>>> print(open('my_file_26.txt').read())   # compact mmCIF, C-alpha atoms
# COMPACT_ATOMS: atom_id res chain seq x y z
CA TYR Y 1 65.84 2.11 49.19
CA GLY Y 2 63.68 1.59 46.13
CA ALA Y 3 60.44 2.74 47.76
CA LEU Y 4 62.00 5.66 49.62
CA ILE Y 5 64.47 6.95 47.06
CA THR Y 6 64.42 5.35 43.61
CA GLY Y 7 60.65 5.43 43.16
CA PRO Y 8 60.14 9.12 44.00
CA ILE Y 9 63.23 10.19 42.04
CA THR Y 10 62.13 8.42 38.85
CA ALA Y 11 58.55 9.68 39.25
CA MET Y 12 59.90 13.26 39.08
CA TRP Y 13 62.94 12.77 36.84
CA TYR Y 14 61.26 11.18 33.81
CA PRO Y 15 58.53 13.82 33.44
CA PHE Y 16 61.24 16.48 33.82
CA LEU Y 17 63.27 14.90 31.00
CA ASP Y 18 60.15 14.74 28.87
CA ARG Y 19 59.44 18.45 29.42
CA ILE Y 20 63.02 19.32 28.40
CA CYS Y 21 62.72 17.26 25.20
CA LEU Y 22 59.36 18.88 24.42
CA ARG Y 23 60.68 22.38 25.14
CA TYR Y 24 63.50 21.92 22.63
CA ASN Y 25 61.26 19.96 20.24
CA LEU Y 26 63.86 17.22 19.83
CA VAL Y 27 61.44 14.99 17.95
CA GLN Y 28 61.83 17.30 14.93
CA TYR Y 29 65.33 15.82 14.50
CA GLY Y 30 64.09 12.23 14.55
CA SER Y 31 61.77 10.08 16.59
CA TRP Y 32 64.66 8.41 18.44
CA LEU Y 33 66.48 11.59 19.48
CA PRO Y 34 64.31 12.33 22.55
CA ALA Y 35 64.80 8.77 23.80
CA ILE Y 36 68.56 8.84 23.17
CA THR Y 37 68.82 12.23 24.90
CA LYS Y 38 66.90 10.96 27.93
CA VAL Y 39 69.10 7.86 28.19
CA ALA Y 40 72.26 9.98 27.99
CA ALA Y 41 70.94 12.40 30.63
CA ASP Y 42 69.91 9.54 32.89
CA GLU Y 43 73.24 7.72 32.63
CA LEU Y 44 75.51 10.76 32.78
CA LEU Y 45 73.62 13.20 35.03
CA MET Y 46 71.42 11.08 37.28
CA ASP Y 47 73.19 7.76 37.65
CA PRO Y 48 76.46 8.87 39.31
CA PRO Y 49 74.73 10.86 42.11
CA THR Y 50 72.19 8.09 42.72
CA LEU Y 51 74.99 5.51 43.01
CA VAL Y 52 76.69 7.71 45.60
CA LEU Y 53 73.33 8.09 47.33
CA PHE Y 54 72.80 4.30 47.32
CA TYR Y 55 76.18 3.55 48.88
CA GLY Y 56 75.71 6.39 51.37
CA TYR Y 57 72.26 5.12 52.33
CA MET Y 58 73.52 1.57 52.78
CA ASN Y 59 76.51 2.80 54.75
CA ALA Y 60 74.22 4.75 57.09
CA CYS Y 61 71.91 1.74 57.51
CA GLU Y 62 74.93 -0.37 58.42
CA SER Y 63 76.16 2.22 60.97
CA GLY Y 64 79.20 2.90 58.84
CA ASN Y 65 81.41 5.95 59.02
CA MET Y 66 83.05 8.19 56.44
CA THR Y 67 85.96 5.77 56.09
CA THR Y 68 83.70 2.84 55.21
CA PHE Y 69 81.67 5.07 52.89
CA ARG Y 70 84.81 6.25 51.09
CA HIS Y 71 86.02 2.64 50.81
CA LYS Y 72 82.69 1.56 49.27
CA LEU Y 73 82.85 4.34 46.72
CA GLU Y 74 86.48 3.63 45.87
CA SER Y 75 85.94 -0.10 45.49
CA GLU Y 76 82.43 -0.27 44.02
CA PHE Y 77 81.46 2.96 42.25
CA MET Y 78 83.20 2.33 38.91
CA THR Y 79 82.11 -1.33 38.76
CA SER Y 80 78.54 -0.29 39.48
CA TRP Y 81 78.54 2.58 37.00
CA VAL Y 82 80.07 0.53 34.17
CA THR Y 83 77.51 -2.21 34.81
CA SER Y 84 74.81 0.45 34.77
CA LEU Y 85 76.06 1.65 31.39
CA ILE Y 86 75.56 -1.90 30.11
CA TYR Y 87 72.25 -2.75 31.84
CA TRP Y 88 70.20 0.44 31.65
CA PRO Y 89 70.57 1.94 28.13
CA PRO Y 90 68.63 -0.83 26.31
CA VAL Y 91 65.92 -0.82 28.99
CA LEU Y 92 65.64 2.95 29.04
CA LEU Y 93 65.85 3.38 25.28
CA ALA Y 94 62.90 1.07 24.72
CA THR Y 95 61.02 2.60 27.66
CA PHE Y 96 61.52 6.20 26.55
CA ARG Y 97 60.81 5.45 22.90
CA PHE Y 98 57.70 3.31 23.20
CA LEU Y 99 55.97 4.06 26.52
CA PRO Y 100 54.05 7.16 27.53
CA VAL Y 101 55.62 9.18 30.34
CA TYR Y 102 53.10 8.00 32.95
CA ALA Y 103 54.11 4.35 32.35
CA GLN Y 104 57.88 4.87 32.32
CA ALA Y 105 58.56 5.05 36.07
CA PRO Y 106 56.56 1.88 36.91
CA LEU Y 107 58.41 -0.16 34.27
CA VAL Y 108 61.80 1.19 35.30
CA ASN Y 109 60.99 0.55 38.96
CA ALA Y 110 60.20 -3.08 38.07
CA CYS Y 111 63.61 -3.33 36.38
CA CYS Y 112 65.12 -1.74 39.49
CA ILE Y 113 64.37 -4.94 41.41
CA ILE Y 114 67.16 -6.64 39.46
CA TRP Y 115 69.38 -3.56 39.59
CA ASP Y 116 68.96 -3.05 43.34
CA GLY Y 117 69.79 -6.74 43.83
CA PHE Y 118 73.02 -6.20 41.91
CA LEU Y 119 73.86 -3.08 43.95
CA SER Y 120 73.11 -4.94 47.18
CA HIS Y 121 75.51 -7.65 46.05
CA ARG Y 122 78.22 -5.06 45.34
CA ASN Y 123 77.57 -3.48 48.73
CA ALA Y 124 77.98 -6.90 50.38
CA VAL Y 125 81.25 -7.41 48.49
CA ALA Y 126 82.50 -4.06 49.78
CA ARG Y 127 81.49 -4.96 53.35
CA SER Y 128 83.18 -8.35 53.05
CA ASN Y 129 86.38 -6.77 51.72
CA GLU Y 130 86.32 -4.17 54.49
CA SER Y 131 85.78 -6.90 57.09
CA MET Y 132 88.66 -8.96 55.70
CA MET Y 133 90.94 -5.92 55.69
CA ASN Y 134 90.02 -5.06 59.28
CA HIS Y 135 90.42 -8.68 60.39
CA GLY Y 136 93.80 -8.94 58.68
CA ALA Y 137 94.95 -5.67 60.26
CA SER Y 138 93.90 -6.85 63.72
CA GLN Y 139 95.78 -10.14 63.25
CA TYR Y 140 98.87 -8.19 62.17
CA HIS Y 141 98.69 -6.00 65.30
CA GLU Y 142 98.23 -9.09 67.51
CA GLN Y 143 101.33 -10.72 66.04
CA ALA Y 144 103.45 -7.59 66.40
>>> encode(input="my_file_26.txt", output="C-alpha cells")
Amino acid sequence: YGALITGPITAMWYPFLDRICLRYNLVQYGSWLPAITKVAADELLMDPPTLVLFYGYMNACESGNMTTFRHKLESEFMTSWVTSLIYWPPVLLATFRFLPVYAQAPLVNACCIIWDGFLSHRNAVARSNESMMNHGASQYHEQA
C-alpha cells in the first residue's frame, strides 16, 4: 500500500501544497502559516479520502465485498482519523516548517511505516470483529 499508493500521493501532494502557499504568499503573514495551512489541508482534505482508500484497498486484497468494506469504514474510520489527528500534525508541522519540499515526502513516508502498521492493526481488528459476528450469527442459525 505504501509503495503503490502513499508514496506517489505524497510525492505529488506536498509540492502541490507548496505551490498553493507560494501562490498566495502565505509566508507574508508569518513563517509558520504555510506549515499550519499545509497540515490543515493534509488532515482535512487528504486524510479522509486516503483512509477510505486504505480500507478499500485492504478489503479488495482480502476478497471482501461492499458489506465488509462498509463495516470496516463504520467501525474503524473515526478511530483511525482521530488517531491521525493526534499522530500527524506534530510530524507534519515540523516537516513542512523546517524541511525543503524535496525532502518532505521521504521523511513522511518513513513515518508512514508506523502509521501503516497502526492502520493494519485497525484493519485486523475490523476483520476479527466481522469474523466473530459472522461466527456468532452462524451459531445462532444452527441453534434455531
>>> atom_distance(input="my_file_26.txt", atom1="atom CA of Cys112 of chain Y", atom2="atom CA of Ser84 of chain Y")
11.0 Å
>>> residues_around(input="my_file_26.txt", residues="segment 17-25 of chain Y", least_positions_apart="4", cutoff="8 Å", atoms="all atoms listed in the file", output="list in words")
Trp13, Pro34, Thr37, Lys38 and Val101 of chain Y
>>> atom_distance(input="my_file_26.txt", atom1="atom CA of Val82 of chain Y", atom2="atom CA of Ile36 of chain Y")
18.0 Å
>>> residues_around(input="my_file_26.txt", residues="Phe69 of chain Y", least_positions_apart="4", cutoff="7 Å", atoms="all atoms listed in the file", output="list in words")
Tyr55, Gly56, Asn59, Gly64, Asn65 and Leu73 of chain Y
>>> closest_residue(input="my_file_26.txt", among="Y:Ile5, Y:Leu85, Y:Leu93, Y:Cys111", to="Glu43 of chain Y", atoms="all atoms listed in the file")
Y:Leu85
>>> closest_residue(input="my_file_26.txt", among="Y:Tyr1, Y:Pro106, Y:Met46, Y:Phe16", to="Ala60 of chain Y", atoms="all atoms listed in the file")
Y:Tyr1
>>> atom_distance(input="my_file_26.txt", atom1="atom CA of Tyr87 of chain Y", atom2="atom CA of Glu62 of chain Y")
26.8 Å
>>> residues_near_point(input="my_file_26.txt", point="(81.5, -2.2, 47.7)", cutoff="6 Å", atoms="all atoms listed in the file", output="PDB file with C-alpha atoms, in the frame of the given file")
ATOM      1  CA  LYS Y  72      82.690   1.560  49.270  1.00  0.00           C
ATOM      2  CA  SER Y  75      85.940  -0.100  45.490  1.00  0.00           C
ATOM      3  CA  GLU Y  76      82.430  -0.270  44.020  1.00  0.00           C
ATOM      4  CA  ARG Y 122      78.220  -5.060  45.340  1.00  0.00           C
ATOM      5  CA  ASN Y 123      77.570  -3.480  48.730  1.00  0.00           C
ATOM      6  CA  VAL Y 125      81.250  -7.410  48.490  1.00  0.00           C
ATOM      7  CA  ALA Y 126      82.500  -4.060  49.780  1.00  0.00           C
TER       8      ALA Y 126
END
>>> residues_around(input="my_file_26.txt", residues="Ile9 of chain Y", least_positions_apart="6", cutoff="10 Å", atoms="all atoms listed in the file", output="ChimeraX atom specification")
/Y:2-3,46,50,105
>>> closest_residue(input="my_file_26.txt", among="Y:Leu51, Y:Met12, Y:Ala41, Y:Leu33", to="Phe118 of chain Y", atoms="only C-alpha atoms")
Y:Leu51
>>> closest_residue(input="my_file_26.txt", among="Y:Thr79, Y:Thr67, Y:Asn109, Y:Ser120", to="Pro48 of chain Y", atoms="only C-alpha atoms")
Y:Thr79
>>> closest_residue(input="my_file_26.txt", among="Y:Arg97, Y:Met78, Y:Ile86, Y:Pro49", to="Val27 of chain Y", atoms="only C-alpha atoms")
Y:Arg97
